[in-house]
Amino acid sequence: MFGITGSSYAAAAATQRPKMDFTKPSALVTVIVGKVPRSREFAVHHEVISFYSPFFAALFAQGCTSIELADVEVEIFGLLSHWLYTQEVRLVDPNPTKQSKNVLETHLLPLAKLWNLAQRCDMPGLQNTVMNQIVPILDVIDMVDVTAFIMYVYGVQNTKDTPIRALALHHASQNLTPELLKTIRESAPRELLYEISLGFARHNDVTHNSDLYEVVNPNKFHVGIPEVEDELLEEELNELDCKDPIGEDEDEDEDVLQEHFHDDADEIAEQVLEMAVPCDGEFQKEDGADVDQDEEMVEDECTLVDFFD
């Protein structure tokens, strides 16, 4: 997306949002998270949390300055609060490639819970940030932990037909071994086993009919971000001179060609006419020379003059 075109500005308008203005005082609102006695209060700017979450915007638009989310873990909402101001997800251990035995607890489950919370709060930007961290982790950890992640995703409500379930099914259908399937067959939801069976069938069909191995792209599991108007981008787009110069260039080139070749063409035609000998339809002998009978005689009218008229 480089270059000044209408399509690039449209794409930018769909992903960029106006910058928030912190030069003026902004009211604080309170989100009480967790159950007593472990509940905690998070004070955030009303403008910030409403900007990124239509869910919170609708709640605070009713005039309240404090809301409770008793069913949300304090640690998970803390990750959401940090993302509001930094656009990054900060885990306790940011490096999952250490093959830690606790990678499920320190990375996968917190990220999965954060993704679900972001879905609940209608925050697609946060969902995609989380997905960008989950996908590479699943590619490097033990399949036992991947299986636990799959079981968690299918055990949570409201994940049907979501990108995170599609990701879980992707790994389940392509990476689960018969031994792992035996360990989860008693506890796995029937829906998971059914979708795994379909996934196996599709994967085997692709494997047997293609030499290409599909590399997992996090964008495949992103959620769509609604378009947001950007007045600055619209003004710049309206100021662009989008006239098509092709027609003007063609007219200009034609004038140059006519100006350059017209006189020369007339002069060449005149010279050829002076050199041409008019003919009356038959050839005449010169100096009494005989004309060979095998020689072709041209009796048609000469068209040389007409060619240049």
# chains A, B, ... in the order shown; residues from 1 in each chain; ligands from 1
$ residues_around --residues "A:Val31" --least-positions-apart "4" --cutoff "6 Å" --atoms "only C-alpha atoms" --output "count of residues only"
5
$ atom_distance --atom1 "atom CA of A:Leu198" --atom2 "atom CA of A:Leu167"
14.5 Å
$ closest_residue --among "A:Val72, A:Tyr194, A:Ile225, A:Cys121" --to "A:Leu59" --atoms "only C-alpha atoms"
A:Cys121
$ residues_around --residues "A:Val36" --least-positions-apart "6" --cutoff "12 Å" --atoms "only C-alpha atoms" --output "ChimeraX atom specification"
/A:68-74
$ closest_residue --among "A:Ser50, A:Thr129, A:Ser39, A:Gln119" --to "A:Trp83" --atoms "only C-alpha atoms"
A:Thr129
$ closest_residue --among "A:Glu75, A:Glu88, A:Asp122, A:Glu195" --to "A:Phe51" --atoms "only C-alpha atoms"
A:Asp122
$ closest_residue --among "A:Ile164, A:Ile32, A:Ala58, A:Val92" --to "A:Val135" --atoms "only C-alpha atoms"
A:Ile164
$ residues_around --residues "stretch 171-178 of chain A" --least-positions-apart "3" --cutoff "12 Å" --atoms "only C-alpha atoms" --output "PyMOL selection string"
chain A and resi 135+137-139+141-151+153-154+164-168+181-185+188+192-207+213-216
$ write_last_selection --atoms "N, CA and C atoms" --output "CSV table (one decimal), in the first residue's frame"
chain,number,residue,atom,x,y,z
A,135,VAL,N,-0.6,-18.0,17.3
A,135,VAL,CA,-0.3,-18.8,16.2
A,135,VAL,C,1.2,-19.3,16.2
A,137,ILE,N,3.2,-19.6,18.7
A,137,ILE,CA,3.4,-20.4,19.9
A,137,ILE,C,3.0,-21.8,19.6
A,138,LEU,N,1.8,-22.0,19.0
A,138,LEU,CA,1.3,-23.3,18.7
A,138,LEU,C,2.2,-24.1,17.8
A,139,ASP,N,3.0,-23.4,17.0
A,139,ASP,CA,3.9,-24.1,16.1
A,139,ASP,C,5.2,-24.6,16.7
A,141,ILE,N,5.4,-25.5,20.4
A,141,ILE,CA,5.3,-26.2,21.7
A,141,ILE,C,4.9,-27.7,21.4
A,142,ASP,N,4.9,-28.4,22.5
A,142,ASP,CA,4.6,-29.8,22.5
A,142,ASP,C,3.1,-30.0,22.2
A,143,MET,N,2.8,-31.1,21.5
A,143,MET,CA,1.4,-31.4,21.1
A,143,MET,C,0.5,-31.6,22.2
A,144,VAL,N,1.0,-32.0,23.4
A,144,VAL,CA,0.2,-32.2,24.6
A,144,VAL,C,-0.4,-30.8,25.0
A,145,ASP,N,0.4,-29.8,25.0
A,145,ASP,CA,-0.1,-28.5,25.3
A,145,ASP,C,-1.0,-27.9,24.2
A,146,VAL,N,-0.7,-28.3,23.0
A,146,VAL,CA,-1.6,-27.9,21.9
A,146,VAL,C,-3.0,-28.5,22.1
A,147,THR,N,-3.0,-29.8,22.5
A,147,THR,CA,-4.2,-30.5,22.7
A,147,THR,C,-5.0,-29.9,23.9
A,148,ALA,N,-4.3,-29.4,24.9
A,148,ALA,CA,-5.0,-28.8,26.0
A,148,ALA,C,-5.6,-27.4,25.6
A,149,PHE,N,-4.9,-26.7,24.7
A,149,PHE,CA,-5.4,-25.5,24.2
A,149,PHE,C,-6.7,-25.8,23.4
A,150,ILE,N,-6.7,-26.8,22.6
A,150,ILE,CA,-7.9,-27.2,21.7
A,150,ILE,C,-9.0,-27.5,22.6
A,151,MET,N,-8.8,-28.3,23.7
A,151,MET,CA,-9.9,-28.6,24.6
A,151,MET,C,-10.4,-27.4,25.3
A,153,VAL,N,-10.5,-24.3,24.1
A,153,VAL,CA,-11.3,-23.5,23.2
A,153,VAL,C,-12.7,-24.1,22.9
A,154,TYR,N,-12.7,-25.4,22.8
A,154,TYR,CA,-14.0,-26.1,22.6
A,154,TYR,C,-14.9,-26.1,23.8
A,164,ILE,N,-10.8,-18.3,16.5
A,164,ILE,CA,-10.0,-19.0,17.4
A,164,ILE,C,-10.4,-20.5,17.4
A,165,ARG,N,-11.7,-20.8,17.2
A,165,ARG,CA,-12.0,-22.2,17.1
A,165,ARG,C,-11.5,-22.8,15.8
A,166,ALA,N,-11.5,-22.0,14.7
A,166,ALA,CA,-11.0,-22.5,13.4
A,166,ALA,C,-9.5,-22.8,13.6
A,167,LEU,N,-8.8,-22.0,14.3
A,167,LEU,CA,-7.4,-22.2,14.6
A,167,LEU,C,-7.2,-23.5,15.4
A,168,ALA,N,-8.0,-23.7,16.4
A,168,ALA,CA,-7.9,-25.0,17.2
A,168,ALA,C,-8.2,-26.2,16.3
A,181,LEU,N,-5.6,-38.6,20.6
A,181,LEU,CA,-7.1,-38.7,20.5
A,181,LEU,C,-7.7,-39.7,21.5
A,182,LYS,N,-6.9,-40.8,21.8
A,182,LYS,CA,-7.4,-41.8,22.7
A,182,LYS,C,-7.5,-41.2,24.1
A,183,THR,N,-6.5,-40.2,24.4
A,183,THR,CA,-6.5,-39.6,25.8
A,183,THR,C,-7.7,-38.7,26.0
A,184,ILE,N,-8.2,-38.1,24.9
A,184,ILE,CA,-9.3,-37.1,25.1
A,184,ILE,C,-10.7,-37.6,24.6
A,185,ARG,N,-10.8,-38.8,24.1
A,185,ARG,CA,-12.0,-39.3,23.6
A,185,ARG,C,-13.1,-39.3,24.6
A,188,ALA,N,-13.6,-35.2,25.5
A,188,ALA,CA,-13.7,-34.2,24.4
A,188,ALA,C,-15.2,-34.0,24.0
A,192,LEU,N,-16.3,-31.5,18.9
A,192,LEU,CA,-14.9,-31.5,18.6
A,192,LEU,C,-14.5,-32.7,17.8
A,193,LEU,N,-15.0,-33.9,18.3
A,193,LEU,CA,-14.6,-35.1,17.6
A,193,LEU,C,-15.2,-35.1,16.2
A,194,TYR,N,-16.4,-34.6,16.0
A,194,TYR,CA,-17.1,-34.6,14.7
A,194,TYR,C,-16.3,-33.7,13.7
A,195,GLU,N,-16.0,-32.5,14.2
A,195,GLU,CA,-15.2,-31.6,13.4
A,195,GLU,C,-13.8,-32.1,13.1
A,196,ILE,N,-13.2,-32.8,14.0
A,196,ILE,CA,-11.9,-33.3,13.7
A,196,ILE,C,-12.0,-34.4,12.6
A,197,SER,N,-13.0,-35.2,12.6
A,197,SER,CA,-13.2,-36.2,11.6
A,197,SER,C,-13.3,-35.5,10.2
A,198,LEU,N,-14.1,-34.5,10.1
A,198,LEU,CA,-14.2,-33.7,8.9
A,198,LEU,C,-12.9,-33.1,8.5
A,199,GLY,N,-12.2,-32.6,9.5
A,199,GLY,CA,-10.9,-32.0,9.2
A,199,GLY,C,-9.9,-33.0,8.7
A,200,PHE,N,-9.9,-34.2,9.3
A,200,PHE,CA,-9.0,-35.2,8.8
A,200,PHE,C,-9.3,-35.6,7.4
A,201,ALA,N,-10.5,-35.6,7.0
A,201,ALA,CA,-10.9,-36.0,5.6
A,201,ALA,C,-10.4,-34.9,4.7
A,202,ARG,N,-10.6,-33.6,5.0
A,202,ARG,CA,-10.2,-32.6,4.2
A,202,ARG,C,-8.7,-32.5,4.1
A,203,HIS,N,-8.0,-32.7,5.2
A,203,HIS,CA,-6.5,-32.7,5.2
A,203,HIS,C,-5.9,-33.8,4.4
A,204,ASN,N,-6.5,-35.0,4.5
A,204,ASN,CA,-6.0,-36.1,3.8
A,204,ASN,C,-6.2,-35.9,2.3
A,205,ASP,N,-7.3,-35.3,1.9
A,205,ASP,CA,-7.6,-35.1,0.5
A,205,ASP,C,-6.6,-34.1,-0.1
A,206,VAL,N,-6.3,-33.0,0.7
A,206,VAL,CA,-5.3,-32.1,0.2
A,206,VAL,C,-3.9,-32.7,0.2
A,207,THR,N,-3.6,-33.5,1.2
A,207,THR,CA,-2.2,-34.1,1.2
A,207,THR,C,-2.0,-35.1,0.0
A,213,TYR,N,2.6,-27.8,1.2
A,213,TYR,CA,2.3,-27.8,2.6
A,213,TYR,C,1.8,-26.4,3.0
A,214,GLU,N,0.6,-26.3,3.6
A,214,GLU,CA,0.1,-25.0,3.9
A,214,GLU,C,0.8,-24.4,5.1
A,215,VAL,N,1.4,-23.3,5.0
A,215,VAL,CA,2.0,-22.5,6.1
A,215,VAL,C,0.9,-21.7,6.7
A,216,VAL,N,0.8,-21.8,8.1
A,216,VAL,CA,-0.2,-21.1,8.8
A,216,VAL,C,0.1,-19.6,8.8
$ residues_around --residues "A:Arg120" --least-positions-apart "3" --cutoff "10 Å" --atoms "only C-alpha atoms" --output "ChimeraX atom specification"
/A:53,55,114-117,123-124,158
$ select_by_dssp --residues "stretch 13-220 of chain A" --states "strand (DSSP E or B)" --output "VMD selection string"
chain A and resid 28 to 33 40 to 45 66 to 69
$ atom_distance --atom1 "atom CA of A:Pro218" --atom2 "atom CA of A:His107"
16.6 Å
